[in-house]
Structure formats: C-alpha cells, structure tokens
file run-v8.txt (compact mmCIF, C-alpha atoms)
# COMPACT_ATOMS: atom_id res chain seq x y z
CA MET A 1 77.68 110.69 72.77
CA PRO A 2 77.03 110.78 76.49
CA ALA A 3 79.98 110.59 78.86
CA VAL A 4 80.37 107.39 80.82
CA ILE A 5 81.16 107.49 84.51
CA GLN A 6 84.41 105.76 85.19
CA PRO A 7 86.79 105.18 88.05
CA PRO A 8 90.15 106.97 87.87
CA SER A 9 91.62 107.00 84.39
CA GLU A 10 93.98 104.29 83.25
CA LYS A 11 96.86 106.76 83.41
CA LEU A 12 96.20 107.62 87.05
CA THR A 13 95.73 103.98 87.96
CA LYS A 14 99.03 103.13 86.29
CA LEU A 15 100.77 105.97 88.09
CA LYS A 16 99.43 104.76 91.42
CA LEU A 17 100.45 101.20 90.66
CA PHE A 18 103.92 102.43 89.77
CA LEU A 19 104.05 104.31 93.08
CA GLU A 20 102.99 101.19 94.96
CA LYS A 21 105.73 99.18 93.25
CA THR A 22 108.33 101.85 93.99
CA LYS A 23 107.28 101.87 97.63
CA THR A 24 107.44 98.09 97.85
CA ASP A 25 110.91 98.09 96.29
CA PHE A 26 112.08 100.79 98.66
CA TYR A 27 110.97 99.01 101.80
CA SER A 28 112.33 95.66 100.69
CA GLU A 29 115.69 97.22 99.76
CA ASN A 30 115.97 99.03 103.08
CA SER A 31 114.78 96.29 105.35
CA GLU A 32 117.66 96.95 107.78
CA LEU A 33 116.03 100.30 108.57
CA ALA A 34 112.47 98.99 108.78
CA ASP A 35 112.27 98.60 112.57
CA TRP A 36 114.00 101.90 113.19
CA MET A 37 111.64 103.70 110.82
CA ASN A 38 108.67 101.91 112.24
CA ASP A 39 109.60 103.01 115.77
CA ARG A 40 109.74 106.60 114.59
CA LYS A 41 106.54 106.21 112.55
CA LEU A 42 108.55 107.41 109.58
CA VAL A 43 106.73 106.91 106.31
CA VAL A 44 108.91 107.89 103.38
CA GLU A 45 106.07 108.66 101.03
CA GLN A 46 104.66 111.08 103.61
CA LEU A 47 107.85 113.04 104.20
CA GLY A 48 106.79 115.78 101.80
CA VAL A 49 103.45 116.19 103.51
CA SER A 50 103.32 118.81 106.25
CA LYS A 51 102.36 117.54 109.69
CA LYS A 52 99.22 119.64 109.54
CA ASP A 53 98.15 117.95 106.35
CA GLN A 54 99.30 114.44 107.18
CA GLU A 55 95.98 113.39 108.60
CA LEU A 56 94.23 114.59 105.48
CA GLN A 57 96.77 112.94 103.23
CA GLN A 58 96.60 109.68 105.19
CA ILE A 59 93.39 108.80 103.46
CA GLU A 60 95.06 108.92 100.06
CA ILE A 61 98.12 107.05 101.18
CA ASP A 62 96.76 104.48 103.56
CA SER A 63 93.27 103.80 102.55
CA VAL A 64 91.74 105.04 99.38
CA GLU A 65 94.83 105.08 97.25
CA LYS A 66 96.13 101.68 98.19
CA GLU A 67 92.83 99.93 98.24
CA LEU A 68 91.55 101.67 95.17
CA VAL A 69 94.63 100.63 93.27
CA GLU A 70 94.14 97.08 94.49
CA LYS A 71 90.49 97.14 93.56
CA LEU A 72 91.15 98.62 90.15
CA ALA A 73 93.99 96.23 89.49
CA GLN A 74 91.65 93.40 90.41
CA SER A 75 88.79 94.72 88.36
CA LYS A 76 91.17 95.06 85.44
CA THR A 77 92.45 91.51 85.71
CA THR A 78 88.98 90.07 86.04
CA ASP A 79 87.76 92.33 83.27
CA LYS A 80 84.81 93.30 85.39
CA PRO A 81 84.07 96.95 84.75
CA LEU A 82 83.47 99.12 87.78
CA ALA A 83 81.91 101.71 85.55
CA SER A 84 78.21 102.03 85.27
CA LYS A 85 76.28 102.84 82.15
CA ILE A 86 74.71 106.03 83.39
CA THR A 87 75.71 109.35 81.94
CA LYS A 88 77.77 111.94 83.75
CA GLU A 89 74.76 114.22 83.92
CA GLU A 90 72.71 111.47 85.55
CA PHE A 91 75.50 110.71 87.96
CA ASP A 92 75.82 114.37 88.97
CA SER A 93 72.07 114.56 89.37
CA ILE A 94 72.04 111.50 91.66
CA MET A 95 74.82 112.89 93.83
CA GLU A 96 73.09 116.26 94.04
CA LYS A 97 69.84 114.57 94.98
CA ILE A 98 71.55 112.74 97.83
CA VAL A 99 73.24 115.94 98.96
CA GLU A 100 69.81 117.64 99.05
CA LEU A 101 68.28 114.71 100.94
CA LEU A 102 71.04 114.90 103.49
CA LYS A 103 70.19 118.51 104.18
CA LEU A 104 66.85 117.33 105.55
CA PRO A 105 66.51 116.04 109.12
CA ALA A 106 67.95 112.56 109.61
CA GLY A 107 65.57 109.72 108.95
CA LYS A 108 64.35 107.21 106.42
CA LEU A 109 63.99 107.94 102.74
CA GLU A 110 60.59 108.44 101.19
CA GLU A 111 59.57 105.44 99.14
CA GLU A 112 60.02 107.20 95.83
CA SER A 113 63.54 108.41 96.66
CA GLU A 114 64.36 105.04 98.13
CA LEU A 115 63.48 103.12 94.99
CA TYR A 116 65.22 105.63 92.76
CA LEU A 117 68.44 105.66 94.77
CA GLU A 118 68.51 101.89 95.25
CA GLN A 119 68.33 101.42 91.52
CA GLN A 120 70.79 104.13 90.57
CA LEU A 121 73.34 103.38 93.27
CA SER A 122 73.21 99.66 92.51
CA ASP A 123 74.01 100.55 88.93
CA ILE A 124 76.86 102.87 89.89
CA LEU A 125 78.38 100.52 92.44
CA GLY A 126 77.92 97.32 90.50
CA PHE A 127 76.22 95.46 93.34
CA ASP A 128 72.76 95.57 94.88
CA VAL A 129 72.03 98.04 97.62
CA ASN A 130 68.74 98.27 99.49
CA ALA A 131 67.11 100.31 102.21
CA ASN A 132 65.00 97.26 103.04
CA LEU A 133 66.57 93.83 103.20
CA ASP A 134 64.83 90.65 104.30
CA GLY A 135 62.13 92.81 105.86
CA HIS A 136 64.65 94.78 107.91
CA THR A 137 65.11 98.51 107.63
CA LEU A 138 67.49 100.83 109.37
CA LEU A 139 66.08 103.33 111.81
CA PHE A 140 67.95 105.97 109.81
CA SER A 141 69.01 105.86 106.19
CA THR A 142 70.28 109.42 106.26
CA GLY A 143 72.07 111.12 109.07
CA VAL A 144 75.32 112.30 110.52
CA MET A 145 78.13 109.90 111.24
CA LYS A 146 80.45 110.44 114.17
CA ALA A 147 83.95 109.07 114.46
CA THR A 148 84.30 106.30 116.96
CA SER A 149 87.27 104.50 118.42
CA HIS A 150 88.77 101.20 117.43
CA LEU A 151 87.05 98.12 118.80
CA LYS A 152 88.70 95.12 120.41
CA ARG A 153 88.59 92.28 117.94
CA SER A 154 89.44 89.63 120.51
CA PRO A 155 89.85 89.55 124.29
CA THR A 156 93.62 90.00 123.99
CA ASP A 157 93.56 92.69 121.31
CA THR A 158 95.46 95.93 122.01
CA LEU A 159 95.55 99.33 120.35
CA GLU A 160 99.07 98.64 119.08
CA ASN A 161 97.72 95.70 117.10
CA HIS A 162 95.62 98.07 115.01
CA THR A 163 97.53 99.36 112.00
CA ASN A 164 96.31 102.93 111.77
CA TYR A 165 94.92 105.88 113.68
CA HIS A 166 96.02 105.05 117.21
CA GLU A 167 94.93 108.54 118.17
CA ALA A 168 91.35 107.29 117.89
CA GLY A 169 91.90 105.05 120.90
CA LEU A 170 90.53 101.62 121.68
CA SER A 171 87.13 101.06 123.22
CA LEU A 172 87.33 99.54 126.69
CA ASN A 173 84.39 97.32 125.93
CA ARG A 174 83.89 94.80 123.20
CA SER A 175 81.37 95.50 120.46
CA ALA A 176 77.69 95.17 121.31
CA PHE A 177 77.74 92.20 118.93
CA GLY A 178 80.64 90.51 120.71
CA TRP A 179 84.15 89.84 119.48
CA PHE A 180 85.04 90.17 115.83
CA SER A 181 87.19 87.10 116.14
CA GLY A 182 86.14 83.85 117.74
CA SER A 183 89.59 83.27 119.22
CA THR A 184 92.70 85.21 120.20
CA GLU A 185 93.94 84.69 116.64
CA ILE A 186 92.60 87.59 114.59
CA ASP A 187 91.98 86.56 111.01
CA GLN A 188 91.74 88.84 107.97
CA THR A 189 87.94 88.85 108.07
CA ALA A 190 87.95 90.18 111.63
CA ILE A 191 90.59 92.75 110.72
CA ASP A 192 88.59 94.01 107.75
CA GLN A 193 85.29 94.03 109.62
CA GLU A 194 86.67 96.10 112.48
CA LYS A 195 88.51 98.32 110.05
CA TYR A 196 85.31 99.27 108.27
CA TYR A 197 82.67 98.96 110.94
CA VAL A 198 79.61 101.12 111.30
CA ALA A 199 77.54 101.60 114.44
CA VAL A 200 73.78 101.94 114.10
CA PRO A 201 71.32 102.80 116.89
CA LEU A 202 69.65 99.42 117.03
CA TYR A 203 68.62 99.91 120.66
CA TYR A 204 65.92 102.28 119.43
CA HIS A 205 64.41 99.67 117.10
CA GLU A 206 60.71 99.37 117.87
CA ASP A 207 60.99 95.59 118.37
CA TRP A 208 64.25 95.64 120.27
CA ASN A 209 62.78 94.80 123.65
CA THR A 210 60.95 91.75 122.38
CA LYS A 211 63.11 90.52 119.53
CA PHE A 212 66.63 91.64 120.42
CA THR A 213 68.15 88.17 120.09
CA GLU A 214 66.82 87.73 116.58
CA LEU A 215 67.61 91.30 115.59
CA LYS A 216 71.13 91.15 116.95
CA GLN A 217 71.80 87.98 115.02
CA TRP A 218 70.54 89.46 111.76
CA TYR A 219 72.33 92.80 112.07
CA LYS A 220 75.64 91.41 113.33
CA PHE A 221 78.33 92.19 110.74
CA ARG A 222 75.64 92.87 108.13
CA LYS A 223 77.22 94.48 105.10
CA VAL A 224 76.29 98.12 104.45
CA VAL A 225 77.47 100.89 102.17
CA VAL A 226 78.11 104.40 103.39
CA ILE A 227 77.61 106.99 100.66
CA ASN A 228 79.32 110.34 101.03
CA PRO A 229 77.94 112.33 98.09
CA ALA A 230 79.82 115.52 98.95
CA GLU A 231 83.14 113.77 98.41
CA ARG A 232 81.78 111.20 95.99
CA ILE A 233 83.16 108.28 97.94
CA ALA A 234 81.36 105.18 99.10
CA VAL A 235 82.68 102.80 101.72
CA VAL A 236 81.48 99.25 102.12
CA GLY A 237 81.53 98.24 105.75
CA VAL A 238 79.70 96.07 108.25
CA ILE A 239 77.44 96.85 111.16
CA GLY A 240 79.91 96.19 113.95
CA ASP A 241 78.50 98.01 116.94
CA ILE A 242 75.32 99.56 118.30
CA GLY A 243 75.06 103.30 118.83
CA PRO A 244 75.25 106.23 119.07
CA SER A 245 72.78 107.51 121.64
CA THR A 246 70.22 110.05 120.53
CA TYR A 247 71.63 112.77 122.76
CA THR A 248 74.73 112.88 120.57
CA ARG A 249 72.54 114.12 117.71
CA ARG A 250 74.42 111.71 115.49
CA GLN A 251 72.74 108.77 113.81
CA PHE A 252 75.73 106.60 112.95
CA GLY A 253 79.18 105.81 114.20
CA GLY A 254 82.11 104.94 111.97
CA SER A 255 85.47 103.31 112.57
CA PRO A 256 88.56 105.52 112.28
CA GLU A 257 89.47 103.94 108.95
CA LEU A 258 85.97 104.33 107.58
CA ILE A 259 85.81 107.99 108.59
CA HIS A 260 89.14 108.65 106.90
CA ALA A 261 88.57 106.53 103.81
CA GLY A 262 85.11 107.99 103.21
CA LYS A 263 86.34 111.55 103.85
CA ILE A 264 83.45 111.83 106.25
CA TRP A 265 85.60 114.19 108.31
CA SER A 266 85.80 116.75 105.50
CA PRO A 267 84.18 120.16 105.98
CA LYS A 268 82.26 119.60 102.75
CA SER A 269 80.74 116.38 104.10
CA ALA A 270 80.09 117.53 107.66
CA GLY A 271 79.55 113.87 108.51
CA LYS A 272 76.38 113.61 106.41
CA VAL A 273 75.95 110.21 104.81
CA LEU A 274 73.45 107.85 103.30
CA LEU A 275 73.50 104.30 104.64
CA LEU A 276 72.09 101.33 102.78
CA PHE A 277 72.29 97.56 103.11
CA VAL A 278 74.43 95.66 100.65
CA ASP A 279 72.62 92.62 99.32
CA ASP A 280 75.53 90.25 99.08
CA PRO A 281 74.38 86.67 99.73
CA LYS A 282 77.51 85.19 98.13
CA ASN A 283 79.83 87.48 100.08
CA THR A 284 81.57 88.79 96.98
CA VAL A 285 81.55 92.51 97.74
CA GLN A 286 84.83 93.59 99.33
CA LEU A 287 84.93 95.92 102.27
CA GLY A 288 86.61 99.27 101.75
CA PRO A 289 86.33 102.55 99.90
CA ILE A 290 85.04 103.03 96.38
CA LEU A 291 85.63 106.22 94.47
CA LEU A 292 82.38 107.15 92.80
CA MET B 1 99.99 122.10 77.16
CA LYS B 2 98.88 123.39 80.55
CA THR B 3 100.66 126.41 81.94
CA LEU B 4 102.60 126.17 85.17
CA ASP B 5 99.79 128.07 86.84
CA LEU B 6 97.53 125.10 86.35
CA ILE B 7 99.57 122.74 88.51
CA ASN B 8 99.90 123.10 92.23
CA ILE B 9 103.49 124.26 92.40
CA ASP B 10 103.19 124.80 96.14
CA SER B 11 102.73 121.08 96.58
CA PHE B 12 106.15 120.53 95.04
CA LYS B 13 107.82 122.95 97.41
CA GLN B 14 107.32 120.92 100.55
CA ASN B 15 110.75 119.32 100.37
CA TYR B 16 114.45 120.08 100.62
CA TYR B 17 115.15 119.42 96.94
CA LYS B 18 112.64 121.89 95.46
CA ALA B 19 115.37 123.89 93.70
CA LEU B 20 116.33 120.80 91.72
CA LEU B 21 112.88 119.94 90.40
CA PRO B 22 112.39 119.99 86.62
CA LEU B 23 109.17 121.99 86.82
CA GLU B 24 108.59 122.33 83.08
CA GLU B 25 108.82 118.59 82.60
CA ILE B 26 106.64 117.95 85.62
CA ASN B 27 104.09 120.33 84.20
CA ALA B 28 104.13 118.53 80.86
CA PHE B 29 103.75 115.20 82.62
CA LEU B 30 100.78 116.35 84.70
CA GLY B 31 99.24 117.87 81.60
CA GLN B 32 98.53 114.33 80.42
CA PHE B 33 96.00 113.79 83.19
CA GLU B 34 92.41 114.83 83.23
CA GLU B 35 91.79 118.00 85.17
CA ARG B 36 89.67 116.21 87.78
CA GLU B 37 92.61 113.96 88.54
CA LEU B 38 95.30 116.61 88.65
CA GLU B 39 95.44 116.76 92.43
CA ALA B 40 95.61 112.97 92.80
CA ALA B 41 98.28 112.74 90.09
CA THR B 42 100.25 115.54 91.75
CA GLN B 43 100.15 113.82 95.13
CA SER B 44 101.17 110.49 93.61
CA LEU B 45 104.07 112.10 91.76
CA ILE B 46 105.27 113.87 94.90
CA SER B 47 105.16 110.59 96.83
CA LEU B 48 106.99 108.93 93.96
CA PHE B 49 109.74 111.57 94.05
CA ASP B 50 110.05 111.33 97.82
CA VAL B 51 110.43 107.57 97.74
CA ALA B 52 112.80 107.59 94.77
CA ILE B 53 115.03 110.36 96.13
CA THR B 54 115.17 108.80 99.58
CA LYS B 55 116.06 105.48 98.00
CA THR B 56 118.90 107.06 96.00
CA VAL B 57 120.23 108.96 98.99
CA LEU B 58 120.18 105.92 101.26
CA LEU B 59 121.96 103.90 98.63
CA ASN B 60 124.76 106.43 98.57
CA LEU B 61 125.17 106.82 102.30
CA ASP B 62 127.77 104.42 103.66
CA SER B 63 126.65 103.54 107.15
CA VAL B 64 123.38 102.86 108.91
CA PRO B 65 124.00 105.75 111.40
CA GLU B 66 124.42 108.13 108.45
CA LYS B 67 121.23 106.84 106.88
CA GLN B 68 119.42 107.27 110.18
CA GLU B 69 120.77 110.78 110.59
CA PHE B 70 119.51 111.71 107.13
CA LEU B 71 116.08 110.22 107.81
CA ARG B 72 115.94 111.95 111.19
CA LEU B 73 116.66 115.32 109.60
CA ALA B 74 114.16 114.67 106.83
CA GLN B 75 111.46 113.67 109.28
CA ASP B 76 112.07 116.66 111.54
CA ASP B 77 111.73 119.21 108.75
CA TYR B 78 111.54 117.97 105.19
CA THR B 79 111.72 121.50 103.80
CA SER B 80 114.84 122.48 105.72
CA PRO B 81 118.01 123.30 103.72
CA ALA B 82 119.84 121.50 106.52
CA VAL B 83 118.88 118.20 104.90
CA LEU B 84 120.63 119.05 101.64
CA ASP B 85 123.54 120.60 103.53
CA PHE B 86 123.98 117.36 105.43
CA LEU B 87 123.97 115.37 102.21
CA ILE B 88 126.45 117.69 100.49
CA ASP B 89 128.74 117.50 103.51
CA THR B 90 128.46 113.74 103.72
CA PHE B 91 129.16 112.97 100.09
CA PRO B 92 130.02 115.28 97.23
CA GLY B 93 127.78 115.48 94.19
CA SER B 94 124.56 115.00 96.13
CA GLU B 95 122.75 117.71 94.23
CA GLU B 96 123.59 116.21 90.86
CA LEU B 97 122.63 112.77 92.12
CA ILE B 98 119.23 113.98 93.29
CA LYS B 99 118.70 115.87 90.06
CA GLN B 100 119.42 112.74 88.05
CA ALA B 101 117.16 110.69 90.28
CA LEU B 102 114.32 113.15 89.75
CA GLU B 103 114.72 113.04 85.98
CA ARG B 104 114.99 109.27 85.99
CA THR B 105 111.89 108.92 88.15
CA LEU B 106 109.91 111.24 85.94
CA LEU B 107 110.99 109.29 82.88
CA SER B 108 109.96 106.03 84.56
CA ALA B 109 106.62 107.56 85.49
CA LYS B 110 106.11 108.62 81.87
CA LYS B 111 106.77 105.08 80.72
CA ALA B 112 104.57 103.64 83.45
CA ILE B 113 101.48 105.52 82.31
CA LEU B 114 101.85 104.69 78.63

call {"tool": "encode", "arguments": {"input": "run-v8.txt", "output": "structure tokens"}}
result
Amino acid sequence: MPAVIQPPSEKLTKLKLFLEKTKTDFYSENSELADWMNDRKLVVEQLGVSKKDQELQQIEIDSVEKELVEKLAQSKTTDKPLASKITKEEFDSIMEKIVELLKLPAGKLEEESELYLEQQLSDILGFDVNANLDGHTLLFSTGVMKATSHLKRSPTDTLENHTNYHEAGLSLNRSAFGWFSGSTEIDQTAIDQEKYYVAVPLYYHEDWNTKFTELKQWYKFRKVVVINPAERIAVVGVIGDIGPSTYTRRQFGGSPELIHAGKIWSPKSAGKVLLLFVDDPKNTVQLGPILL
Amino acid sequence: MKTLDLINIDSFKQNYYKALLPLEEINAFLGQFEERELEAATQSLISLFDVAITKTVLLNLDSVPEKQEFLRLAQDDYTSPAVLDFLIDTFPGSEELIKQALERTLLSAKKAIL
C-alpha cells in the first residue's frame, strides 16, 4: 500500500501542543517577571539554545512550530486533512523536480512543468496555485530570494512595534504599494501581510510603463506561495513590495519572518525558491509556513 | 528500542542540569517518534524541560530579586555550573527538585502524546 504524505505525526503535534500549553502556563504564572524578561529579551524556551544557534532555532520556536501547531490544531478541529493523496515516491519526485528546475537560470517555467507543478502542488497544499492568474504572470517563477527589511505598516509604525527580527531593520520608505494599514491603527491583516510579504520585480513588467496603475492594483497584496523544495517548506505570503533590482542578481525579496519560516536562509536552500500565485477568491488560505 | 547513539545527546547537554537528565527514559520516549521527526521531537522536549525546570525553580525561589538573579545567570551561560551552584546555595535540595521536575515533565509528555 503506498505511503501517504502527511504533516507531522499526531505524536509530534501533541508534543508541540503540550509545549505550547506549558509555555502559556509558565508566562501566565510568572507575569510579575514578564516586563523584566521582555527587557532582557529572555525567552525561557530558548535558554538551552546556544547564541550561535538561536537564529536557526528561532524558526522552530517563533514561526514554524507555533504556527504549524496552530494550523494543525485547526485542521484537526475542522477535520480538514492537510494531507494529499499522492504517494511518498511522487512527493519526493515533485520536490526533486523543483530542486532541479531551481538549478537552472531564474525565469518562468516551461508550460509542461508549469501545468504539472500547478496540479501537484495544489494537491499537496490543498488549495489552488497557479503560475498564471487572471491573465497575469510573474516575471520570474523561479529564482533566488533575498532577505529584506521590515516595512512600515503605517506612517507611525516603528521597528519596536514589529515582534521579531529587529536586526533586519525597518525600511525608511513605505512599500511601493503604500501602507499596509489604512490608518495608524495596525490591524491583524496588516500585521500578517507585512510579516509574510514578498517583493517581486514588477518594475520590469513589459507593460509597466503604460499600465502601472492597473498592474499595481492587481498585484497589491496578491497572495502567493513560496516553495522551498530543499527544506520542504512552503510559505503563503502576499506581494507587499516591488523589487529587487536586477543588479542584485536576486529575483525576489522576502520579509524577515518569511525568510526564517521558509528556511530560505539555509545553506541547502541557497535562497532558491519557486513562486506561484494562490488562487484564493474567498480569502480562506492563511498566511504563514506550511511543512510539506 | 533505539540506542542512545540514535538520539542527539549533545542537544541535551546545552544546560546546567545535564547531569540530572534521565537519558535512558528520554531515549525511550524519543524512540516513539518517527525517525524523520526525531530532531523536531528532541528540540520540543528540550524546550519543554527548560520551561518546566525554570518554572519549578522560580516557584521555589522566595523573592523577585532571587528569581531575577537566577534568570540572569541562566541567560548569561545556560551551561555554566554556576547556575546550579547558585540554586544549591539559595535553597537546599535543588538537585533533587530539578530531578523530580524532569521526571514529572517526561511523564506528562508521555501522557500528552498518547
């Protein structure tokens, strides 16, 4: 009987949920120390992690682990399986194919690969992904993603307001698409969109000079999925900025959280990713990492 | 059952209470996970121990300054014997307390994954 690809086992999910509960209990029981610990950036669950490894571990603790547990807990309660029906061999073959494609120069996928990957990845992820959506295509589907800084979500936003990765800095300018939030109040949508934003080089679009208003409107906060086949992690994000320039030899930019959550920093990945649109007209696909 | 060589013992040595860890039981616990998830399970268990031990220690320290001193030492060098020395000096029976907390946490983790 063929193996079925699944998210982390029930045992691991339960262990992570138990850890989350223990952490929650700890922080609520030691609330008198919360400010003091916060000032020192002391995270109890990271004490056993060497400083050298903390950045690498951060992904597990802050992003993937927490959000994966939340996602899995949710998928469990709604009884909506994250698992696809493809076999393990097929899954490995798909990942290997993407890895091979990413070894080629950055660009668009050939039609045959495009159709194949759209179908297979939609099956794996449980939602529709496309290289072509509403007649729009990205200039690059494959390429190298560089880490970018945080973006201001509103005119009064500061670096301190961003939860993680202050070392990434805060861009002096707002996003090329404008503010993430319409007012000084930053809502959860704006937080999530900035947290998992992707930059694409829209300025090089062949119709940019004549149709930039229309293009900007369509691409603004458009949902995409970043596939990192080397680490077998996908991250759903939004197009939140325009860039990078061609001289950087990078085709995409990614928010600090996205780079960490997708392990795009890892030596195995070397920044190489596949980027596809998420066809989500009902806005049901959550932003964040997905363990493939 | 997996041998001790199969689990990343080094990961469990990055703390001041390494001498008190029930390695055989930890090994048996981790043996319940699929091999592909061993690293993730190990990291989760280490975090679990760190949170549980810190919680126990803080509960047994009388004053906020003492708690802060312990956390400061732990943050500066979590592997330093100075952390355990401080705890032993501050209240007797620290080692036994930590040992019990580790066993209790492992037992809770076993129940949690059932």

call {"tool": "interface_residues", "arguments": {"input": "run-v8.txt", "of": "chain A", "to": "chain B", "cutoff": "6 Å", "atoms": "all atoms listed in the file", "output": "compact mmCIF listing (two decimals) with C-alpha atoms, in the frame of the given file"}}
result
# COMPACT_ATOMS: atom_id res chain seq x y z
CA LYS A 11 96.86 106.76 83.41
CA LYS A 14 99.03 103.13 86.29
CA LEU A 15 100.77 105.97 88.09
CA LEU A 19 104.05 104.31 93.08
CA VAL A 44 108.91 107.89 103.38
CA GLU A 45 106.07 108.66 101.03
CA GLY A 48 106.79 115.78 101.80

call {"tool": "residues_around", "arguments": {"input": "run-v8.txt", "residues": "stretch 182-191 of chain A", "least_positions_apart": "2", "cutoff": "8 Å", "atoms": "all atoms listed in the file", "output": "list of chain:residue names"}}
result
A:Arg153, A:Ser154, A:Pro155, A:Thr156, A:Asp157, A:Trp179, A:Phe180, A:Gln193, A:Glu194, A:Lys195

call {"tool": "write_last_selection", "arguments": {"input": "run-v8.txt", "atoms": "C-alpha atoms", "output": "mmCIF file, in the frame of the given file"}}
result
data_model
loop_
_atom_site.group_PDB
_atom_site.id
_atom_site.type_symbol
_atom_site.label_atom_id
_atom_site.label_comp_id
_atom_site.auth_asym_id
_atom_site.auth_seq_id
_atom_site.Cartn_x
_atom_site.Cartn_y
_atom_site.Cartn_z
ATOM 1 C CA ARG A 153 88.590 92.280 117.940
ATOM 2 C CA SER A 154 89.440 89.630 120.510
ATOM 3 C CA PRO A 155 89.850 89.550 124.290
ATOM 4 C CA THR A 156 93.620 90.000 123.990
ATOM 5 C CA ASP A 157 93.560 92.690 121.310
ATOM 6 C CA TRP A 179 84.150 89.840 119.480
ATOM 7 C CA PHE A 180 85.040 90.170 115.830
ATOM 8 C CA GLN A 193 85.290 94.030 109.620
ATOM 9 C CA GLU A 194 86.670 96.100 112.480
ATOM 10 C CA LYS A 195 88.510 98.320 110.050
#

call {"tool": "residues_around", "arguments": {"input": "run-v8.txt", "residues": "stretch 135-145 of chain A", "least_positions_apart": "4", "cutoff": "7 Å", "atoms": "all atoms listed in the file", "output": "PyMOL selection string"}}
result
chain A and resi 102+106-109+131+205+250-254+271-276

call {"tool": "write_last_selection", "arguments": {"input": "run-v8.txt", "atoms": "C-alpha atoms", "output": "PDB file, keeping the file's coordinate frame"}}
result
ATOM      1  CA  LEU A 102      71.040 114.900 103.490  1.00  0.00           C
ATOM      2  CA  ALA A 106      67.950 112.560 109.610  1.00  0.00           C
ATOM      3  CA  GLY A 107      65.570 109.720 108.950  1.00  0.00           C
ATOM      4  CA  LYS A 108      64.350 107.210 106.420  1.00  0.00           C
ATOM      5  CA  LEU A 109      63.990 107.940 102.740  1.00  0.00           C
ATOM      6  CA  ALA A 131      67.110 100.310 102.210  1.00  0.00           C
ATOM      7  CA  HIS A 205      64.410  99.670 117.100  1.00  0.00           C
ATOM      8  CA  ARG A 250      74.420 111.710 115.490  1.00  0.00           C
ATOM      9  CA  GLN A 251      72.740 108.770 113.810  1.00  0.00           C
ATOM     10  CA  PHE A 252      75.730 106.600 112.950  1.00  0.00           C
ATOM     11  CA  GLY A 253      79.180 105.810 114.200  1.00  0.00           C
ATOM     12  CA  GLY A 254      82.110 104.940 111.970  1.00  0.00           C
ATOM     13  CA  GLY A 271      79.550 113.870 108.510  1.00  0.00           C
ATOM     14  CA  LYS A 272      76.380 113.610 106.410  1.00  0.00           C
ATOM     15  CA  VAL A 273      75.950 110.210 104.810  1.00  0.00           C
ATOM     16  CA  LEU A 274      73.450 107.850 103.300  1.00  0.00           C
ATOM     17  CA  LEU A 275      73.500 104.300 104.640  1.00  0.00           C
ATOM     18  CA  LEU A 276      72.090 101.330 102.780  1.00  0.00           C
TER      19      LEU A 276
END

call {"tool": "closest_residue", "arguments": {"input": "run-v8.txt", "among": "B:Ser94, B:Ala101, B:Ile88, B:Asn8", "to": "B:Gly31", "atoms": "all atoms listed in the file"}}
result
B:Asn8

call {"tool": "residues_around", "arguments": {"input": "run-v8.txt", "residues": "B:Leu20", "least_positions_apart": "2", "cutoff": "9 Å", "atoms": "only C-alpha atoms", "output": "list in words"}}
result
Tyr17, Lys18, Pro22, Leu23, Glu95, Glu96, Ile98, Lys99 and Leu102 of chain B

call {"tool": "atom_distance", "arguments": {"input": "run-v8.txt", "atom1": "atom CA of A:Ala176", "atom2": "atom CA of A:Ser255"}}
result
14.3 Å

call {"tool": "atom_distance", "arguments": {"input": "run-v8.txt", "atom1": "atom CA of A:Leu287", "atom2": "atom CA of A:Ser245"}}
result
25.6 Å

call {"tool": "atom_distance", "arguments": {"input": "run-v8.txt", "atom1": "atom CA of A:Met95", "atom2": "atom CA of A:Pro229"}}
result
5.3 Å

call {"tool": "build_atoms", "arguments": {"input": "run-v8.txt", "residues": "stretch 74-78 of chain B", "atoms": "all heavy atoms", "output": "compact mmCIF listing (two decimals), keeping the file's coordinate frame"}}
result
# COMPACT_ATOMS: atom_id res chain seq x y z
N ALA B 74 115.27 114.58 107.79
CA ALA B 74 114.16 114.67 106.83
C ALA B 74 112.82 114.63 107.55
O ALA B 74 111.89 115.37 107.21
CB ALA B 74 114.24 113.54 105.82
N GLN B 75 112.73 113.77 108.55
CA GLN B 75 111.46 113.67 109.28
C GLN B 75 111.20 114.92 110.12
O GLN B 75 110.06 115.37 110.21
CB GLN B 75 111.46 112.43 110.17
CG GLN B 75 110.09 112.14 110.77
CD GLN B 75 110.10 110.93 111.68
OE1 GLN B 75 111.13 110.57 112.25
NE2 GLN B 75 108.96 110.29 111.82
N ASP B 76 112.26 115.47 110.69
CA ASP B 76 112.07 116.66 111.54
C ASP B 76 111.58 117.86 110.73
O ASP B 76 110.69 118.58 111.16
CB ASP B 76 113.39 117.02 112.25
CG ASP B 76 113.71 116.01 113.34
OD1 ASP B 76 112.80 115.21 113.67
OD2 ASP B 76 114.84 116.00 113.82
N ASP B 77 112.18 118.10 109.60
CA ASP B 77 111.73 119.21 108.75
C ASP B 77 112.16 118.91 107.31
O ASP B 77 113.31 119.15 106.93
CB ASP B 77 112.32 120.53 109.22
CG ASP B 77 111.77 121.72 108.41
OD1 ASP B 77 111.00 121.47 107.46
OD2 ASP B 77 112.10 122.86 108.75
N TYR B 78 111.22 118.42 106.55
CA TYR B 78 111.54 117.97 105.19
C TYR B 78 111.85 119.14 104.26
O TYR B 78 112.40 118.95 103.18
CB TYR B 78 110.34 117.18 104.64
CG TYR B 78 110.68 116.25 103.50
CD1 TYR B 78 111.68 115.30 103.62
CD2 TYR B 78 109.98 116.31 102.31
CE1 TYR B 78 111.98 114.44 102.58
CE2 TYR B 78 110.27 115.45 101.25
CZ TYR B 78 111.27 114.52 101.40
OH TYR B 78 111.57 113.67 100.37
